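Novice: Contents are PDB, C-alpha atoms; file name data-v8.pdb:
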```pdb
ATOM      1  CA  MET B   1      17.284 -24.483  30.749
ATOM      2  CA  ASP B   2      19.912 -26.842  29.425
ATOM      3  CA  ILE B   3      20.718 -27.428  25.760
ATOM      4  CA  GLU B   4      18.747 -30.681  25.465
ATOM      5  CA  SER B   5      15.588 -29.024  26.766
ATOM      6  CA  ALA B   6      16.054 -26.172  24.305
ATOM      7  CA  LYS B   7      16.509 -28.632  21.440
ATOM      8  CA  ALA B   8      13.349 -30.530  22.416
ATOM      9  CA  LEU B   9      11.380 -27.292  22.653
ATOM     10  CA  GLY B  10      12.775 -26.119  19.315
ATOM     11  CA  MET B  11      11.775 -29.386  17.664
ATOM     12  CA  ALA B  12       8.266 -29.159  19.099
ATOM     13  CA  ILE B  13       7.818 -25.596  17.888
ATOM     14  CA  ALA B  14       9.281 -26.293  14.428
ATOM     15  CA  VAL B  15       7.135 -29.358  13.824
ATOM     16  CA  GLY B  16       4.027 -27.847  15.397
ATOM     17  CA  ILE B  17       4.100 -24.731  13.269
ATOM     18  CA  GLY B  18       5.380 -26.654  10.238
ATOM     19  CA  VAL B  19       2.400 -29.011  10.071
ATOM     20  CA  LEU B  20      -0.187 -26.298  10.676
ATOM     21  CA  GLY B  21      -0.144 -25.038   7.079
ATOM     22  CA  PRO B  22      -0.222 -28.455   5.400
ATOM     23  CA  GLY B  23      -3.044 -29.529   7.710
ATOM     24  CA  ILE B  24      -5.150 -26.573   6.619
ATOM     25  CA  GLY B  25      -4.104 -27.135   3.001
ATOM     26  CA  ILE B  26      -5.185 -30.771   2.976
ATOM     27  CA  GLY B  27      -8.523 -29.793   4.475
ATOM     28  CA  LEU B  28      -9.072 -27.219   1.744
ATOM     29  CA  ILE B  29      -8.024 -29.618  -1.020
ATOM     30  CA  VAL B  30     -10.441 -32.321   0.099
ATOM     31  CA  SER B  31     -13.203 -29.793   0.744
ATOM     32  CA  LYS B  32     -12.990 -28.332  -2.755
ATOM     33  CA  ALA B  33     -12.679 -31.747  -4.380
ATOM     34  CA  LEU B  34     -15.812 -32.991  -2.626
ATOM     35  CA  GLU B  35     -17.600 -29.790  -3.575
ATOM     36  CA  ALA B  36     -16.597 -30.270  -7.225
ATOM     37  CA  ILE B  37     -17.706 -33.920  -7.184
ATOM     38  CA  GLY B  38     -20.989 -32.878  -5.621
ATOM     39  CA  ARG B  39     -21.590 -30.376  -8.415
ATOM     40  CA  ASN B  40     -20.515 -32.713 -11.214
ATOM     41  CA  PRO B  41     -20.507 -36.394 -10.174
ATOM     42  CA  GLU B  42     -19.436 -37.548 -13.638
ATOM     43  CA  ALA B  43     -16.088 -35.793 -13.187
ATOM     44  CA  ALA B  44     -15.202 -37.772 -10.047
ATOM     45  CA  GLY B  45     -12.842 -39.994 -12.040
ATOM     46  CA  LYS B  46     -10.775 -36.956 -13.071
ATOM     47  CA  ILE B  47     -10.999 -35.045  -9.787
ATOM     48  CA  THR B  48     -10.040 -37.841  -7.378
ATOM     49  CA  PRO B  49      -6.540 -38.593  -8.763
ATOM     50  CA  MET B  50      -5.725 -34.879  -8.877
ATOM     51  CA  MET B  51      -6.923 -34.540  -5.296
ATOM     52  CA  PHE B  52      -4.587 -37.319  -4.164
ATOM     53  CA  ILE B  53      -1.652 -35.741  -6.028
ATOM     54  CA  GLY B  54      -2.373 -32.442  -4.281
ATOM     55  CA  ILE B  55      -2.579 -34.197  -0.921
ATOM     56  CA  ALA B  56       0.756 -35.921  -1.542
ATOM     57  CA  PHE B  57       2.522 -32.649  -2.397
ATOM     58  CA  THR B  58       0.991 -30.903   0.597
ATOM     59  CA  GLU B  59       1.910 -33.758   2.916
ATOM     60  CA  ALA B  60       5.503 -33.521   1.665
ATOM     61  CA  LEU B  61       5.714 -30.085   3.265
ATOM     62  CA  ALA B  62       4.718 -31.568   6.614
ATOM     63  CA  ILE B  63       7.388 -34.251   6.220
ATOM     64  CA  PHE B  64       9.966 -31.525   5.507
ATOM     65  CA  ALA B  65       8.937 -29.800   8.750
ATOM     66  CA  LEU B  66       9.410 -33.082  10.601
ATOM     67  CA  VAL B  67      12.877 -33.529   9.084
ATOM     68  CA  ILE B  68      13.841 -29.986  10.103
ATOM     69  CA  GLY B  69      12.571 -30.758  13.599
ATOM     70  CA  PHE B  70      14.798 -33.837  13.803
ATOM     71  CA  ILE B  71      17.761 -31.811  12.544
ATOM     72  CA  VAL B  72      17.141 -29.246  15.293
ATOM     73  CA  LYS B  73      16.843 -31.979  17.904
ATOM     74  CA  PHE B  74      19.810 -34.183  17.025
ATOM     75  CA  VAL B  75      22.406 -31.903  15.403
TER      76      VAL B  75
END
```
Now, as a test, write the supplied structure out as structure tokens.
Specialist:
Amino acid sequence: MDIESAKALGMAIAVGIGVLGPGIGIGLIVSKALEAIGRNPEAAGKITPMMFIGIAFTEALAIFALVIGFIVKFV
């Protein structure tokens, strides 16, 4: 295996494992927000913005994993 193949494999593993946690986290955030809105529909105006903030922070972790993958691949 040459160095370029190893870098490509390293990037795939880093990004693959790195987005696994945020993917599960986003699913849990949306699940709990919809559950809370279902229990108390009047609170949807307060729950929805907080849900989107949580999604944005969780998605930032996936973007960090992608950046690390690119660093592994091209440096």
Novice: Hey, what's within 12 Å of Gly27 (chain B) if we count only C-alpha atoms and toss same-chain stuff fewer than 3 positions away? As a list in words, please?
Specialist: Leu20, Gly21, Pro22, Gly23, Ile24, Val30, Ser31, Lys32, Ala33, Leu34, Met51, Gly54, Ile55, Thr58 and Glu59 of chain B
Novice: Rounded to one decimal place, report the CA of Ile68 (chain B)-CA of Ala14 (chain B) distance in Å.
Specialist: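 Answer for the CA of Ile68 (chain B) to CA of Ala14 (chain B) separation: 7.3 Å.
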Novice: Tell me, in Å to one decimal, how far CA of Lys73 (chain B) is from CA of Ile3 (chain B).
Specialist: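 Between these atoms lies a distance of 9.9 Å.
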Novice: Quick one: of B:Phe70, B:Ile37, B:Phe52, B:Val75, who's nearest to Ala12 (chain B), counting only C-alpha atoms?
Specialist: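 Among the listed residues, the smallest separation from Ala12 (chain B) belongs to B:Phe70.
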Novice: Need the shell around Ile13 (chain B): protein/DNA/RNA residues with any atom at most 9 Å away, counting only C-alpha atoms. Skip same-chain ones fewer than 5 positions apart. Format as a PyMOL selection string?
Specialist: chain B and resi 8+18+69
Novice: Just the number, please: distance in Å from CA of Val67 (chain B) to CA of Pro49 (chain B), one decimal.
Specialist: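 The value is 26.9 Å.
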Novice: B:Ile53, B:Ile71, B:Leu28, B:Ala44: which is nearest Gly10 (chain B), counting all atoms listed in the file?
Specialist: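 Result for the nearest residue to Gly10 (chain B): B:Ile71.
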Novice: Could you tell me which of B:Val72, B:Leu66, B:Glu35, B:Phe57 comes closest to Leu9 (chain B) if we count all atoms listed in the file?
Specialist: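 Closest to Leu9 (chain B) of all the choices is B:Val72.
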